[in-house]
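Trainee: Structure provided below as structure tokens; questions to follow.
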Amino acid sequence: MPVGTQATVKGLRNEALEELGAEIILANTYHLYLRPGHELVHRMGGLHKFMSWDRAILTDSGGFQVFSLSELRKIADEGVRFRSHIDGSEHLLTPEKAAEIQLALGSDIAMVLDECIETPAPRDKTESALKRTTQWARRARKYFLEQQECLGDLKQWQFGIVQGATFADLRRESAHQLLEIDFPGYAVGGLAVGEPHEVTCEMTAEVTALLPKERLRYLMGVGKPEQIAEYVALGIDMMDCVLPTRAARHACLYTSQGRVLIKNARYAQDQNPVDPNCTCSVCCRYSRAYLRHLFATGEFTAAVLATHHNVHFYLDIMRQIREAIEFGKLAKFSSEMRARYAAGPA
RNA sequence: GGACGGGUGGGUGAGUGGCUAAAACCAGCAGACUGUAAAUCUGCCGCUCCUUGCGGGCUACGAAGGUUCGAAUCCUUCCCCGUCCA
């Protein structure tokens, strides 16, 4: 899932996303609540209409902002009190409020508010964050079901989020508690935020072992190209990551041959496409030398083209994974990807 | 011809006796980025040597001399550039 925090995937028009085959994108509750405001979006006919995107949208709850904006918020059992990073105003985000905002936005999948903490984290801190996340999930679910009752047939799905940092038993406990609450889909949160990749995999495996295969299992905020197939092999169905879009803006291109840091002087006269094996419209038309020049001169087309390529590359990885699964070759594909990226920049 | 002002590292531009191989910014080179406060952030950026150290040597603030223990900073002469006056 390409990430479009502010109701846009940075650097791409929706036409491009459609052409690239994106079926679902992410948007963010906290950010859209602050600006332009969920009520405004609701009045404009909902997020899909507002941003002119009729494919699926998943809205993150603001739980990640508990982690990333840690200096601007205070957590209590009631919810999270944020000081706006835009104008300093204070806002209380409760599990109910986060659900309400997402209902107003009208996303297809809403996430419950969770407390995402850094890893590694001490056990007592993890336990209290986990306890709170479960309580919040319960409250969010209750609110959501009441609204559903009250408003009739709601198409939106609500997902719970497993926490527990790097403690296997706490991860299992979290999963069990969420299963008890009963969600149509489950996410694994609070990973890839500091711990080694092997630990990310271990924790993911602990959780997917407990979550039902018939329901969607979503690993939040991952990953690097070479890690994606591994997560799928562990039972993950959905992922989102800012890496393809952010790295693109920072001149890092992902290719079939590894990373290409396109600003490097070595590409100044390179007439080859970014990735000779890529079929995206950027690789079909432009050279490495030209892309490097666009970055060197600070043209925003640089970011546009790079983002287009990277998102194509990521979505193509997913297409290849589906194909590999059909042919029973997922493990082989996964190890090939790891080998390709082991060497570092191409 | 005269009166002022000014010449600093690839660029812009601080510095007006020692803490200055010389601020800051830009350019250049390299790196990081994982539910986006990110078109962001970090490191290097005169040459050279080694035992790679808050190490040694050399060169450097228009040029050449001088004063001083010590000069980008003070003095002298010269050369450039800008503005104004004739």
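Quick note on naming: the chains in the structure tokens go A, B, ... in the order shown, residues restart at 1 in each chain, and ligands are numbered from 1 in order of appearance.
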What residues in chain B have any atom no more than 10 Å from chain A when counting only C-alpha atoms (C1' of nucleotides), and can you write them as a ChimeraX atom specification?
Mentor: /B:28-40
Trainee: What parts of stretch 140-341 of chain A does DSSP call alpha helix (DSSP H)? I'd like the answer as a PyMOL selection string.
Mentor: chain A and resi 140-151+168-181+197-208+225-233+243-249+281-285+288-296+300-326+330-341
Trainee: Could you tell me, as a PyMOL selection string, which residues of stretch 195-285 of chain A DSSP assigns to strand (DSSP E or B) when given the backbone?
Mentor: chain A and resi 216-219+238-239+241+252-255+258-261
Trainee: Would you output that residue set with N, CA and C atoms, as a short mmCIF file (atom, residue, chain, number, x, y, z; two decimals), in the first residue's frame?
Mentor:
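Result file selection-v9.cif:
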data_model
loop_
_atom_site.label_atom_id
_atom_site.label_comp_id
_atom_site.auth_asym_id
_atom_site.auth_seq_id
_atom_site.Cartn_x
_atom_site.Cartn_y
_atom_site.Cartn_z
N LEU A 216 -7.63 -10.81 7.08
CA LEU A 216 -6.45 -10.09 6.60
C LEU A 216 -5.47 -9.84 7.74
N ARG A 217 -4.22 -10.03 7.40
CA ARG A 217 -3.16 -9.81 8.38
C ARG A 217 -2.19 -8.77 7.81
N TYR A 218 -2.08 -7.70 8.54
CA TYR A 218 -1.43 -6.50 8.03
C TYR A 218 -0.23 -6.14 8.90
N LEU A 219 0.94 -6.16 8.30
CA LEU A 219 2.15 -5.76 9.02
C LEU A 219 2.42 -4.29 8.72
N MET A 238 -0.84 -7.81 3.92
CA MET A 238 -0.81 -6.39 3.58
C MET A 238 0.36 -5.70 4.28
N MET A 239 0.92 -4.74 3.59
CA MET A 239 1.98 -3.91 4.18
C MET A 239 1.84 -2.51 3.63
N CYS A 241 4.37 1.22 3.46
CA CYS A 241 5.69 1.72 3.79
C CYS A 241 5.95 3.04 3.08
N CYS A 252 17.04 7.93 -3.93
CA CYS A 252 17.38 6.51 -3.82
C CYS A 252 16.37 5.70 -4.63
N LEU A 253 16.84 5.05 -5.66
CA LEU A 253 15.98 4.28 -6.54
C LEU A 253 16.18 2.78 -6.28
N TYR A 254 15.06 2.08 -6.18
CA TYR A 254 15.14 0.63 -5.99
C TYR A 254 15.04 -0.04 -7.35
N THR A 255 15.95 -0.95 -7.61
CA THR A 255 15.96 -1.61 -8.91
C THR A 255 16.16 -3.10 -8.75
N GLY A 258 19.47 -3.89 -7.24
CA GLY A 258 19.86 -3.26 -5.99
C GLY A 258 19.53 -1.78 -6.00
N ARG A 259 20.02 -1.08 -5.00
CA ARG A 259 19.70 0.34 -4.90
C ARG A 259 20.59 1.16 -5.83
N VAL A 260 20.01 2.19 -6.40
CA VAL A 260 20.77 3.12 -7.22
C VAL A 260 20.63 4.50 -6.58
N LEU A 261 21.75 5.00 -6.07
CA LEU A 261 21.75 6.36 -5.51
C LEU A 261 22.06 7.29 -6.67
#
Trainee: Kindly give the distance, in Å, that separates atom C1' of B:C45 and atom CA of A:Arg292, rounded to a single decimal.
Mentor: 20.9 Å
Trainee: Using only C-alpha atoms, which of the listed residues (A:Leu145, A:Cys284, A:Met51, A:Met337) sits closest to A:Pro36?
Mentor: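 Checking each candidate against A:Pro36, we get A:Met51 as the closest.
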Trainee: How far is it from atom C1' of B:U48 to atom C1' of B:U20, in Å with one decimal?
Mentor: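 Answer for the atom C1' of B:U48 to atom C1' of B:U20 separation: 19.9 Å.
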Trainee: When you draw a straight line from atom C1' of B:G15 to atom C1' of B:C61, how long is it in Å?
Mentor: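 Between these atoms lies a distance of 10.4 Å.
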Trainee: Calculated over only C-alpha atoms (C1' of nucleotides), which of the candidates B:G5, B:G65, B:G46, B:G57 has the smallest distance to B:U77?
Mentor: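 Checking each candidate against B:U77, we get B:G65 as the closest.
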